[in-house]
>>> print(open('start-v7.pdb').read())   # PDB, C-alpha atoms and all ligand atoms
MODEL        1
ATOM      1  CA  MET A  59     -15.089  13.921  31.428  1.00  0.00           C
ATOM      2  CA  GLN A  60     -17.869  11.467  32.257  1.00  0.00           C
ATOM      3  CA  GLU A  61     -20.081  13.028  29.565  1.00  0.00           C
ATOM      4  CA  LEU A  62     -17.239  12.689  27.046  1.00  0.00           C
ATOM      5  CA  PHE A  63     -16.872   8.959  27.660  1.00  0.00           C
ATOM      6  CA  ILE A  64     -20.608   8.283  27.667  1.00  0.00           C
ATOM      7  CA  GLY A  65     -21.386  10.569  24.723  1.00  0.00           C
ATOM      8  CA  ALA A  66     -18.455   9.472  22.563  1.00  0.00           C
ATOM      9  CA  GLY A  67     -18.260   5.772  23.364  1.00  0.00           C
ATOM     10  CA  ASP A  68     -21.434   3.839  22.708  1.00  0.00           C
ATOM     11  CA  SER A  69     -23.240   6.234  20.371  1.00  0.00           C
ATOM     12  CA  PRO A  70     -20.960   5.863  17.290  1.00  0.00           C
ATOM     13  CA  ALA A  71     -20.561   2.093  17.836  1.00  0.00           C
ATOM     14  CA  SER A  72     -24.275   1.470  18.208  1.00  0.00           C
ATOM     15  CA  THR A  73     -25.229   3.773  15.284  1.00  0.00           C
ATOM     16  CA  THR A  74     -22.685   2.026  13.039  1.00  0.00           C
ATOM     17  CA  GLN A  75     -24.049  -1.382  14.032  1.00  0.00           C
ATOM     18  CA  TRP A  76     -27.664  -0.436  13.345  1.00  0.00           C
ATOM     19  CA  ALA A  77     -26.813   1.112   9.973  1.00  0.00           C
ATOM     20  CA  MET A  78     -24.649  -1.861   8.899  1.00  0.00           C
ATOM     21  CA  ALA A  79     -27.380  -4.313   9.959  1.00  0.00           C
ATOM     22  CA  GLU A  80     -29.883  -2.465   7.719  1.00  0.00           C
ATOM     23  CA  ILE A  81     -27.417  -2.262   4.816  1.00  0.00           C
ATOM     24  CA  ILE A  82     -26.634  -6.001   5.004  1.00  0.00           C
ATOM     25  CA  ASN A  83     -30.364  -6.768   4.977  1.00  0.00           C
ATOM     26  CA  ASN A  84     -30.818  -4.552   1.886  1.00  0.00           C
ATOM     27  CA  PRO A  85     -28.355  -5.762  -0.784  1.00  0.00           C
ATOM     28  CA  ASN A  86     -29.688  -3.258  -3.357  1.00  0.00           C
ATOM     29  CA  ILE A  87     -28.805  -0.376  -1.087  1.00  0.00           C
ATOM     30  CA  LEU A  88     -25.378  -1.930  -0.433  1.00  0.00           C
ATOM     31  CA  ARG A  89     -24.783  -2.147  -4.214  1.00  0.00           C
ATOM     32  CA  ARG A  90     -25.875   1.466  -4.829  1.00  0.00           C
ATOM     33  CA  LEU A  91     -23.746   2.774  -1.974  1.00  0.00           C
ATOM     34  CA  ARG A  92     -20.719   0.880  -3.271  1.00  0.00           C
ATOM     35  CA  GLU A  93     -21.261   2.183  -6.822  1.00  0.00           C
ATOM     36  CA  GLU A  94     -21.440   5.758  -5.565  1.00  0.00           C
ATOM     37  CA  ILE A  95     -18.268   5.346  -3.486  1.00  0.00           C
ATOM     38  CA  ASP A  96     -16.384   3.776  -6.418  1.00  0.00           C
ATOM     39  CA  PHE A  97     -17.580   6.637  -8.661  1.00  0.00           C
ATOM     40  CA  VAL A  98     -16.448   9.384  -6.266  1.00  0.00           C
ATOM     41  CA  VAL A  99     -13.308   7.786  -4.806  1.00  0.00           C
ATOM     42  CA  GLY A 100     -12.209   5.587  -7.718  1.00  0.00           C
ATOM     43  CA  LYS A 101     -10.429   2.294  -7.237  1.00  0.00           C
ATOM     44  CA  LYS A 102      -6.840   3.527  -7.472  1.00  0.00           C
ATOM     45  CA  ARG A 103      -5.028   6.198  -5.544  1.00  0.00           C
ATOM     46  CA  GLU A 104      -1.896   6.560  -7.476  1.00  0.00           C
ATOM     47  CA  PHE A 105      -0.975   9.004 -10.273  1.00  0.00           C
ATOM     48  CA  GLN A 106      -3.147   8.185 -13.291  1.00  0.00           C
ATOM     49  CA  GLN A 107      -0.874  10.153 -15.622  1.00  0.00           C
ATOM     50  CA  GLU A 108       2.617  11.584 -15.563  1.00  0.00           C
ATOM     51  CA  CYS A 109       3.082  15.197 -14.526  1.00  0.00           C
ATOM     52  CA  THR A 110       5.513  17.713 -13.048  1.00  0.00           C
ATOM     53  CA  ILE A 111       5.066  19.179  -9.553  1.00  0.00           C
ATOM     54  CA  GLY A 112       7.294  22.027  -8.406  1.00  0.00           C
ATOM     55  CA  GLY A 113       9.849  21.097 -11.081  1.00  0.00           C
ATOM     56  CA  PHE A 114       9.907  17.390 -10.153  1.00  0.00           C
ATOM     57  CA  TYR A 115       8.832  14.777 -12.690  1.00  0.00           C
ATOM     58  CA  VAL A 116       6.266  12.275 -11.359  1.00  0.00           C
ATOM     59  CA  ALA A 117       5.759   9.112 -13.416  1.00  0.00           C
ATOM     60  CA  LYS A 118       2.376   7.511 -14.032  1.00  0.00           C
ATOM     61  CA  GLY A 119       1.635   4.867 -11.375  1.00  0.00           C
ATOM     62  CA  THR A 120       3.598   6.696  -8.642  1.00  0.00           C
ATOM     63  CA  THR A 121       2.275   6.684  -5.083  1.00  0.00           C
ATOM     64  CA  LEU A 122       3.251  10.002  -3.538  1.00  0.00           C
ATOM     65  CA  VAL A 123       3.710  10.363   0.218  1.00  0.00           C
ATOM     66  CA  PHE A 124       4.409  13.892   1.384  1.00  0.00           C
ATOM     67  CA  ASN A 125       6.275  14.823   4.544  1.00  0.00           C
ATOM     68  CA  SER A 126       3.714  16.919   6.387  1.00  0.00           C
ATOM     69  CA  TYR A 127       5.958  17.109   9.489  1.00  0.00           C
ATOM     70  CA  ALA A 128       8.608  18.946   7.420  1.00  0.00           C
ATOM     71  CA  VAL A 129       5.984  21.242   5.836  1.00  0.00           C
ATOM     72  CA  MET A 130       4.546  22.188   9.227  1.00  0.00           C
ATOM     73  CA  ARG A 131       7.996  22.939  10.675  1.00  0.00           C
ATOM     74  CA  ASP A 132       9.439  24.668   7.629  1.00  0.00           C
ATOM     75  CA  PRO A 133      11.198  27.890   8.790  1.00  0.00           C
ATOM     76  CA  ASP A 134      10.474  29.438   5.365  1.00  0.00           C
ATOM     77  CA  TYR A 135       6.759  29.392   6.221  1.00  0.00           C
ATOM     78  CA  TRP A 136       6.572  29.426  10.013  1.00  0.00           C
ATOM     79  CA  GLU A 137       8.225  31.852  12.395  1.00  0.00           C
ATOM     80  CA  ASP A 138      10.134  29.920  15.082  1.00  0.00           C
ATOM     81  CA  PRO A 139       8.532  26.655  13.850  1.00  0.00           C
ATOM     82  CA  HIS A 140       9.544  24.437  16.780  1.00  0.00           C
ATOM     83  CA  LYS A 141       8.064  26.751  19.403  1.00  0.00           C
ATOM     84  CA  PHE A 142       4.706  25.773  20.908  1.00  0.00           C
ATOM     85  CA  ASN A 143       2.841  28.956  20.123  1.00  0.00           C
ATOM     86  CA  PRO A 144      -0.868  28.381  19.447  1.00  0.00           C
ATOM     87  CA  GLU A 145      -1.389  32.147  19.503  1.00  0.00           C
ATOM     88  CA  ARG A 146       0.385  32.412  16.159  1.00  0.00           C
ATOM     89  CA  PHE A 147      -2.941  31.431  14.595  1.00  0.00           C
ATOM     90  CA  LEU A 148      -4.917  34.062  16.516  1.00  0.00           C
ATOM     91  CA  ALA A 149      -2.522  36.872  15.803  1.00  0.00           C
ATOM     92  CA  SER A 150      -2.604  36.695  12.044  1.00  0.00           C
ATOM     93  CA  SER A 151      -5.936  35.100  11.196  1.00  0.00           C
ATOM     94  CA  GLY A 152      -7.878  38.367  11.621  1.00  0.00           C
ATOM     95  CA  SER A 153      -5.745  40.282   9.187  1.00  0.00           C
ATOM     96  CA  TRP A 154      -5.409  37.576   6.534  1.00  0.00           C
ATOM     97  CA  GLN A 155      -7.034  38.008   3.189  1.00  0.00           C
ATOM     98  CA  GLU A 156      -8.954  35.015   1.812  1.00  0.00           C
ATOM     99  CA  GLU A 157      -6.090  34.073  -0.526  1.00  0.00           C
ATOM    100  CA  GLU A 158      -3.506  34.206   2.296  1.00  0.00           C
ATOM    101  CA  ARG A 159      -5.802  32.138   4.496  1.00  0.00           C
ATOM    102  CA  ARG A 160      -6.074  29.448   1.794  1.00  0.00           C
ATOM    103  CA  GLU A 161      -2.310  29.475   1.242  1.00  0.00           C
ATOM    104  CA  GLN A 162      -1.661  29.180   4.978  1.00  0.00           C
ATOM    105  CA  ALA A 163      -4.081  26.252   5.222  1.00  0.00           C
ATOM    106  CA  MET A 164      -1.921  24.397   2.685  1.00  0.00           C
ATOM    107  CA  LYS A 165       1.003  24.635   5.115  1.00  0.00           C
ATOM    108  CA  LEU A 166      -0.926  23.288   8.092  1.00  0.00           C
ATOM    109  CA  LEU A 167      -1.586  19.625   7.379  1.00  0.00           C
ATOM    110  CA  PRO A 168      -2.358  17.767  10.623  1.00  0.00           C
ATOM    111  CA  PHE A 169      -4.908  15.651   8.756  1.00  0.00           C
ATOM    112  CA  GLY A 170      -3.097  15.332   5.423  1.00  0.00           C
ATOM    113  CA  GLY A 171      -4.884  16.538   2.316  1.00  0.00           C
ATOM    114  CA  GLY A 172      -6.675  15.739  -0.913  1.00  0.00           C
ATOM    115  CA  ARG A 173      -8.639  12.558  -1.537  1.00  0.00           C
ATOM    116  CA  ILE A 174      -6.852  10.603   1.190  1.00  0.00           C
ATOM    117  CA  ARG A 175      -7.221  13.331   3.798  1.00  0.00           C
ATOM    118  CA  CYS A 176      -8.071  11.908   7.235  1.00  0.00           C
ATOM    119  CA  PRO A 177     -11.787  11.028   7.161  1.00  0.00           C
ATOM    120  CA  GLY A 178     -11.878  11.162  10.962  1.00  0.00           C
ATOM    121  CA  SER A 179     -10.853  14.817  11.303  1.00  0.00           C
ATOM    122  CA  ASN A 180     -14.294  15.868  12.561  1.00  0.00           C
ATOM    123  CA  VAL A 181     -14.181  13.114  15.180  1.00  0.00           C
ATOM    124  CA  ALA A 182     -10.608  14.056  16.099  1.00  0.00           C
ATOM    125  CA  ILE A 183     -11.757  17.549  17.108  1.00  0.00           C
ATOM    126  CA  ILE A 184     -12.744  15.802  20.349  1.00  0.00           C
ATOM    127  CA  VAL A 185      -9.039  16.075  21.265  1.00  0.00           C
ATOM    128  CA  GLY A 186      -9.571  19.837  21.619  1.00  0.00           C
ATOM    129  CA  THR A 187     -12.610  19.291  23.834  1.00  0.00           C
ATOM    130  CA  ALA A 188     -10.718  16.803  26.032  1.00  0.00           C
ATOM    131  CA  ILE A 189      -7.807  19.232  26.451  1.00  0.00           C
ATOM    132  CA  GLY A 190     -10.248  22.049  27.187  1.00  0.00           C
ATOM    133  CA  VAL A 191     -11.900  20.014  29.957  1.00  0.00           C
ATOM    134  CA  MET A 192      -8.541  18.979  31.455  1.00  0.00           C
ATOM    135  CA  VAL A 193      -7.351  22.597  31.507  1.00  0.00           C
ATOM    136  CA  GLN A 194     -10.659  23.883  32.859  1.00  0.00           C
ATOM    137  CA  CYS A 195     -11.055  21.377  35.685  1.00  0.00           C
ATOM    138  CA  PHE A 196      -7.542  20.544  36.876  1.00  0.00           C
ATOM    139  CA  ASP A 197      -4.145  21.937  37.718  1.00  0.00           C
ATOM    140  CA  TRP A 198      -1.306  19.672  36.585  1.00  0.00           C
ATOM    141  CA  LYS A 199       1.780  18.698  38.531  1.00  0.00           C
ATOM    142  CA  ILE A 200       4.799  16.760  37.321  1.00  0.00           C
ATOM    143  CA  LYS A 201       7.099  14.735  39.552  1.00  0.00           C
ATOM    144  CA  ARG A 202      10.631  15.742  40.532  1.00  0.00           C
ATOM    145  CA  VAL A 203      11.591  17.667  37.405  1.00  0.00           C
ATOM    146  CA  TYR A 204      11.123  21.318  36.500  1.00  0.00           C
ATOM    147  CA  GLU A 205       9.484  20.805  33.119  1.00  0.00           C
ATOM    148  CA  VAL A 206       8.236  17.941  30.917  1.00  0.00           C
ATOM    149  CA  ASN A 207      10.965  16.364  28.796  1.00  0.00           C
ATOM    150  CA  MET A 208       9.904  17.000  25.175  1.00  0.00           C
ATOM    151  CA  GLU A 209      12.386  14.583  23.564  1.00  0.00           C
ATOM    152  CA  GLU A 210      10.844  12.818  20.554  1.00  0.00           C
ATOM    153  CA  THR A 211      10.959   9.195  19.486  1.00  0.00           C
ATOM    154  CA  SER A 212       9.553   7.289  16.574  1.00  0.00           C
ATOM    155  CA  GLY A 213      10.834   3.886  17.702  1.00  0.00           C
ATOM    156  CA  LEU A 214       8.710   1.119  16.260  1.00  0.00           C
ATOM    157  CA  GLN A 215       5.619   3.259  16.454  1.00  0.00           C
ATOM    158  CA  PHE A 216       3.888   4.734  13.450  1.00  0.00           C
ATOM    159  CA  PHE A 217       3.359   8.086  15.130  1.00  0.00           C
ATOM    160  CA  LEU A 218       5.848  10.489  16.619  1.00  0.00           C
ATOM    161  CA  ALA A 219       5.770   9.975  20.403  1.00  0.00           C
ATOM    162  CA  LEU A 220       7.214  11.488  23.557  1.00  0.00           C
ATOM    163  CA  ALA A 221      10.436   9.598  24.332  1.00  0.00           C
ATOM    164  CA  HIS A 222       9.468   9.732  28.014  1.00  0.00           C
ATOM    165  CA  PRO A 223       5.706   9.197  28.306  1.00  0.00           C
ATOM    166  CA  LEU A 224       3.941  12.000  30.125  1.00  0.00           C
ATOM    167  CA  GLU A 225       3.407  11.311  33.813  1.00  0.00           C
ATOM    168  CA  CYS A 226       1.409  13.972  35.586  1.00  0.00           C
ATOM    169  CA  ILE A 227      -0.935  14.377  38.509  1.00  0.00           C
ATOM    170  CA  PRO A 228      -4.303  16.107  38.151  1.00  0.00           C
ATOM    171  CA  LEU A 229      -5.247  18.358  41.054  1.00  0.00           C
ATOM    172  CA  SER A 230      -8.928  19.148  41.121  1.00  0.00           C
ATOM    173  CA  ARG A 231      -9.816  22.833  40.952  1.00  0.00           C
ATOM    174  CA  THR A 232     -12.801  22.305  43.247  1.00  0.00           C
ATOM    175  CA  LEU A 233     -10.810  23.824  46.164  1.00  0.00           C
ATOM    176  CA  ASN A 234     -10.458  26.900  44.008  1.00  0.00           C
ATOM    177  CA  PRO A 235     -13.982  27.021  42.460  1.00  0.00           C
ATOM    178  CA  LEU A 236     -14.688  28.352  38.984  1.00  0.00           C
ATOM    179  CA  PRO A 237     -16.211  31.829  39.009  1.00  0.00           C
ATOM    180  CA  THR A 238     -19.981  31.561  38.911  1.00  0.00           C
ATOM    181  CA  ASN A 239     -21.800  33.020  35.947  1.00  0.00           C
ATOM    182  CA  PRO A 240     -24.619  35.198  37.348  1.00  0.00           C
ATOM    183  CA  GLN A 241     -26.673  34.727  34.164  1.00  0.00           C
ATOM    184  CA  ILE A 242     -26.685  30.960  34.716  1.00  0.00           C
ATOM    185  CA  THR A 243     -27.215  30.989  38.525  1.00  0.00           C
ATOM    186  CA  ASP A 244     -30.092  33.459  38.122  1.00  0.00           C
ATOM    187  CA  LEU A 245     -32.068  31.034  35.923  1.00  0.00           C
TER     188      LEU A 245
HETATM  189  C1  LIG B 301      -5.895  13.897  16.283  1.00  0.00           C
HETATM  190  C2  LIG B 301      -6.322  12.806  15.653  1.00  0.00           C
HETATM  191  C3  LIG B 301      -5.985  12.441  14.234  1.00  0.00           C
HETATM  192  C4  LIG B 301      -4.965  12.893  13.427  1.00  0.00           C
HETATM  193  C5  LIG B 301      -3.884  13.937  13.741  1.00  0.00           C
HETATM  194  C6  LIG B 301      -5.082  12.176  12.166  1.00  0.00           C
HETATM  195  C7  LIG B 301      -4.240  12.341  11.074  1.00  0.00           C
HETATM  196  C8  LIG B 301      -4.301  11.598   9.917  1.00  0.00           C
HETATM  197  C9  LIG B 301      -3.387  11.737   8.800  1.00  0.00           C
HETATM  198  C10 LIG B 301      -2.219  12.734   8.713  1.00  0.00           C
HETATM  199  C11 LIG B 301      -3.760  10.834   7.857  1.00  0.00           C
HETATM  200  C12 LIG B 301      -3.085  10.611   6.495  1.00  0.00           C
HETATM  201  C13 LIG B 301      -3.761  11.513   5.464  1.00  0.00           C
HETATM  202  C14 LIG B 301      -2.966  11.553   4.166  1.00  0.00           C
HETATM  203  O1  LIG B 301      -2.298  10.565   3.824  1.00  0.00           O
HETATM  204  O2  LIG B 301      -3.043  12.590   3.476  1.00  0.00           O
HETATM  205  C15 LIG B 301      -4.902  10.103   8.379  1.00  0.00           C
HETATM  206  C16 LIG B 301      -5.543   9.096   7.712  1.00  0.00           C
HETATM  207  C17 LIG B 301      -6.635   8.432   8.197  1.00  0.00           C
HETATM  208  N1  LIG B 301      -7.322   8.687   9.363  1.00  0.00           N
HETATM  209 FE1  LIG B 301      -6.796  10.046  10.751  1.00  0.00          FE
HETATM  210  N2  LIG B 301      -6.164  11.325  12.231  1.00  0.00           N
HETATM  211  C18 LIG B 301      -6.747  11.463  13.466  1.00  0.00           C
HETATM  212  C19 LIG B 301      -7.885  10.805  13.930  1.00  0.00           C
HETATM  213  C20 LIG B 301      -8.624   9.910  13.211  1.00  0.00           C
HETATM  214  C21 LIG B 301      -9.877   9.305  13.663  1.00  0.00           C
HETATM  215  C22 LIG B 301     -10.566   9.639  15.010  1.00  0.00           C
HETATM  216  C23 LIG B 301     -10.276   8.458  12.692  1.00  0.00           C
HETATM  217  C24 LIG B 301     -11.497   7.594  12.610  1.00  0.00           C
HETATM  218  C25 LIG B 301     -12.635   7.862  13.236  1.00  0.00           C
HETATM  219  C26 LIG B 301      -9.270   8.506  11.621  1.00  0.00           C
HETATM  220  C27 LIG B 301      -9.311   7.743  10.475  1.00  0.00           C
HETATM  221  C28 LIG B 301      -8.361   7.814   9.464  1.00  0.00           C
HETATM  222  C29 LIG B 301      -8.365   6.929   8.296  1.00  0.00           C
HETATM  223  C30 LIG B 301      -9.379   5.802   8.004  1.00  0.00           C
HETATM  224  C31 LIG B 301      -7.277   7.318   7.491  1.00  0.00           C
HETATM  225  C32 LIG B 301      -6.830   6.710   6.156  1.00  0.00           C
HETATM  226  C33 LIG B 301      -7.456   7.502   5.020  1.00  0.00           C
HETATM  227  C34 LIG B 301      -7.086   6.917   3.656  1.00  0.00           C
HETATM  228  O3  LIG B 301      -5.983   6.402   3.484  1.00  0.00           O
HETATM  229  O4  LIG B 301      -7.906   7.031   2.761  1.00  0.00           O
HETATM  230  N3  LIG B 301      -8.300   9.397  11.977  1.00  0.00           N
HETATM  231  N4  LIG B 301      -5.216  10.611   9.621  1.00  0.00           N
ENDMDL
END
>>> encode(input="start-v7.pdb", output="C-alpha cells")
Amino acid sequence: MQELFIGAGDSPASTTQWAMAEIINNPNILRRLREEIDFVVGKKREFQQECTIGGFYVAKGTTLVFNSYAVMRDPDYWEDPHKFNPERFLASSGSWQEEERREQAMKLLPFGGGRIRCPGSNVAIIVGTAIGVMVQCFDWKIKRVYEVNMEETSGLQFFLALAHPLECIPLSRTLNPLPTNPQITDL
C-alpha cells in the first residue's frame, strides 16, 4: 500500500511539471505539439456528416452519447448480467476466436470507446492493483449486517455510487502469514 501511494503520487505530478516547464520555455515545441494534436484529434467531436447507425438516422452536427451501462448489462449479450461474476471472462476467453473476442470487447465498455475513449485507462488499471493488495493482505469484516447492501444511487453525483457507502474493517493477515515461496527465501 505504501509503495502504491509513494510510486503513484509524486511521480506523475513531478514529471508533468517538468515536461510542462520545458514546453512553456520552448514555444516552437508547444506550437508543433498543438498542431499534431489538432491534426489527429480535430477540433470538433460531433458528427461531421449525416449517417444511419443500426437503422437510426443521425443528423450532421449531432453529439452522440451512448449508454454503456445498458450495453454492459444487456441480457441479450451477457448471461445473468447483474451477477458479479468475474470468472465469466476467464471461462470463455480461451475458446474465443479472434472475431468473437473483438465483438465481445465492443460490449464491454468501462472506458467508453472511439476518439473520446478514456485517456486514463492505463492509469486506472491501478484500481486492479489496489484491490489485489487489499485482498492479499487483509480479511474484511462488515458491521452488524450479513452482507454489504448493494443498493445503487446516482443522486447528484456523476457516477453511479453505493447508496450506503461501504464501511468495512481490515484485519491484517499477518497472524495468518502468507505461505513462503521457497524460491524467494532461498535467494
Ligand atoms: C476506473 C477508473 C476510470 C474509469 C472507469 C473511467 C471511465 C471513463 C469513461 C467511461 C469516460 C467517457 C468515455 C466516452 O465518452 O466514450 C472517461 C473519460 C475520461 N477519462 Fe476516465 N475513467 C477512469 C479513470 C481515469 C483516470 C485515472 C484519468 C486521468 C488520469 C481519466 C481521464 C479521463 C478523461 C480526461 C476523460 C474525457 C475524455 C474526452 O472527453 O475526450 N479517467 N473515463
>>> closest_residue(input="start-v7.pdb", among="A:Leu148, A:Val203, A:Ala71, A:Cys195", to="ligand LIG 301 (chain B)", atoms="only C-alpha atoms and all ligand atoms")
A:Ala71
>>> resolve_selection(input="start-v7.pdb", expression="the PyMOL selection byres (((not hetatm)) within 12 of (chain B and resi 301))", output="PyMOL selection string")
chain A and resi 66-67+70-71+74+99-104+121-127+130+164+166-189+216-218
>>> write_last_selection(input="start-v7.pdb", atoms="C-alpha atoms", output="mmCIF file, in the frame of the given file")
data_model
loop_
_atom_site.group_PDB
_atom_site.id
_atom_site.type_symbol
_atom_site.label_atom_id
_atom_site.label_comp_id
_atom_site.auth_asym_id
_atom_site.auth_seq_id
_atom_site.Cartn_x
_atom_site.Cartn_y
_atom_site.Cartn_z
ATOM 1 C CA ALA A 66 -18.455 9.472 22.563
ATOM 2 C CA GLY A 67 -18.260 5.772 23.364
ATOM 3 C CA PRO A 70 -20.960 5.863 17.290
ATOM 4 C CA ALA A 71 -20.561 2.093 17.836
ATOM 5 C CA THR A 74 -22.685 2.026 13.039
ATOM 6 C CA VAL A 99 -13.308 7.786 -4.806
ATOM 7 C CA GLY A 100 -12.209 5.587 -7.718
ATOM 8 C CA LYS A 101 -10.429 2.294 -7.237
ATOM 9 C CA LYS A 102 -6.840 3.527 -7.472
ATOM 10 C CA ARG A 103 -5.028 6.198 -5.544
ATOM 11 C CA GLU A 104 -1.896 6.560 -7.476
ATOM 12 C CA THR A 121 2.275 6.684 -5.083
ATOM 13 C CA LEU A 122 3.251 10.002 -3.538
ATOM 14 C CA VAL A 123 3.710 10.363 0.218
ATOM 15 C CA PHE A 124 4.409 13.892 1.384
ATOM 16 C CA ASN A 125 6.275 14.823 4.544
ATOM 17 C CA SER A 126 3.714 16.919 6.387
ATOM 18 C CA TYR A 127 5.958 17.109 9.489
ATOM 19 C CA MET A 130 4.546 22.188 9.227
ATOM 20 C CA MET A 164 -1.921 24.397 2.685
ATOM 21 C CA LEU A 166 -0.926 23.288 8.092
ATOM 22 C CA LEU A 167 -1.586 19.625 7.379
ATOM 23 C CA PRO A 168 -2.358 17.767 10.623
ATOM 24 C CA PHE A 169 -4.908 15.651 8.756
ATOM 25 C CA GLY A 170 -3.097 15.332 5.423
ATOM 26 C CA GLY A 171 -4.884 16.538 2.316
ATOM 27 C CA GLY A 172 -6.675 15.739 -0.913
ATOM 28 C CA ARG A 173 -8.639 12.558 -1.537
ATOM 29 C CA ILE A 174 -6.852 10.603 1.190
ATOM 30 C CA ARG A 175 -7.221 13.331 3.798
ATOM 31 C CA CYS A 176 -8.071 11.908 7.235
ATOM 32 C CA PRO A 177 -11.787 11.028 7.161
ATOM 33 C CA GLY A 178 -11.878 11.162 10.962
ATOM 34 C CA SER A 179 -10.853 14.817 11.303
ATOM 35 C CA ASN A 180 -14.294 15.868 12.561
ATOM 36 C CA VAL A 181 -14.181 13.114 15.180
ATOM 37 C CA ALA A 182 -10.608 14.056 16.099
ATOM 38 C CA ILE A 183 -11.757 17.549 17.108
ATOM 39 C CA ILE A 184 -12.744 15.802 20.349
ATOM 40 C CA VAL A 185 -9.039 16.075 21.265
ATOM 41 C CA GLY A 186 -9.571 19.837 21.619
ATOM 42 C CA THR A 187 -12.610 19.291 23.834
ATOM 43 C CA ALA A 188 -10.718 16.803 26.032
ATOM 44 C CA ILE A 189 -7.807 19.232 26.451
ATOM 45 C CA PHE A 216 3.888 4.734 13.450
ATOM 46 C CA PHE A 217 3.359 8.086 15.130
ATOM 47 C CA LEU A 218 5.848 10.489 16.619
#
>>> closest_residue(input="start-v7.pdb", among="A:Leu88, A:Ala221, A:Cys109, A:Leu229", to="Ile200 of chain A", atoms="all atoms listed in the file")
A:Leu229
>>> atom_distance(input="start-v7.pdb", atom1="atom CA of Glu108 of chain A", atom2="atom CA of Glu158 of chain A")
29.5 Å
>>> closest_residue(input="start-v7.pdb", among="A:Thr232, A:Ser212, A:Asn207, A:Leu220", to="Gln194 of chain A", atoms="all atoms listed in the file")
A:Thr232
>>> atom_distance(input="start-v7.pdb", atom1="atom CA of Lys201 of chain A", atom2="atom CA of Pro139 of chain A")
28.4 Å
>>> resolve_selection(input="start-v7.pdb", expression="the PyMOL selection byres (((chain A and resi 208) around 12) and not hetatm)", output="count of residues only")
16
>>> atom_distance(input="start-v7.pdb", atom1="atom CA of Ile81 of chain A", atom2="atom CA of Glu94 of chain A")
14.4 Å
>>> resolve_selection(input="start-v7.pdb", expression="the PyMOL selection byres (((chain A and resi 198) around 8) and not hetatm)", output="VMD selection string")
chain A and resid 196 to 197 199 to 200 226 to 229
>>> axis_aligned_box(input="start-v7.pdb", around="segment 70-73 of chain A", padding_each_side="3 Å", output="lines of an AutoDock Vina configuration file")
center_x = -22.9
center_y = 3.7
center_z = 16.7
size_x = 10.7
size_y = 10.4
size_z = 8.9
>>> closest_residue(input="start-v7.pdb", among="A:Val129, A:Val116, A:Met78, A:Val191", to="Arg231 of chain A", atoms="all atoms listed in the file")
A:Val191
>>> build_atoms(input="start-v7.pdb", residues="segment 197-211 of chain A", atoms="N, CA and C atoms", output="CSV table (one decimal), in the coordinates of the input")
chain,number,residue,atom,x,y,z
A,197,ASP,N,-5.5,21.5,37.8
A,197,ASP,CA,-4.1,21.9,37.7
A,197,ASP,C,-3.3,20.7,37.5
A,198,TRP,N,-2.1,20.8,36.9
A,198,TRP,CA,-1.3,19.7,36.6
A,198,TRP,C,0.1,19.8,37.2
A,199,LYS,N,0.5,18.7,37.9
A,199,LYS,CA,1.8,18.7,38.5
A,199,LYS,C,2.6,17.6,37.9
A,200,ILE,N,3.9,17.8,37.8
A,200,ILE,CA,4.8,16.8,37.3
A,200,ILE,C,5.8,16.4,38.4
A,201,LYS,N,6.2,15.2,38.4
A,201,LYS,CA,7.1,14.7,39.6
A,201,LYS,C,8.5,15.2,39.4
A,202,ARG,N,9.2,15.5,40.4
A,202,ARG,CA,10.6,15.7,40.5
A,202,ARG,C,11.2,16.8,39.6
A,203,VAL,N,10.9,16.8,38.3
A,203,VAL,CA,11.6,17.7,37.4
A,203,VAL,C,10.9,19.0,37.2
A,204,TYR,N,11.6,20.0,36.6
A,204,TYR,CA,11.1,21.3,36.5
A,204,TYR,C,10.1,21.4,35.4
A,205,GLU,N,10.4,20.8,34.2
A,205,GLU,CA,9.5,20.8,33.1
A,205,GLU,C,9.5,19.5,32.4
A,206,VAL,N,8.4,19.2,31.6
A,206,VAL,CA,8.2,17.9,30.9
A,206,VAL,C,9.3,17.8,29.9
A,207,ASN,N,9.9,16.6,29.8
A,207,ASN,CA,11.0,16.4,28.8
A,207,ASN,C,10.3,16.1,27.4
A,208,MET,N,10.6,17.0,26.5
A,208,MET,CA,9.9,17.0,25.2
A,208,MET,C,10.7,16.2,24.1
A,209,GLU,N,11.6,15.4,24.5
A,209,GLU,CA,12.4,14.6,23.6
A,209,GLU,C,11.4,13.7,22.7
A,210,GLU,N,11.7,13.6,21.4
A,210,GLU,CA,10.8,12.8,20.6
A,210,GLU,C,11.4,11.4,20.3
A,211,THR,N,10.5,10.5,20.0
A,211,THR,CA,11.0,9.2,19.5
A,211,THR,C,10.0,8.7,18.4
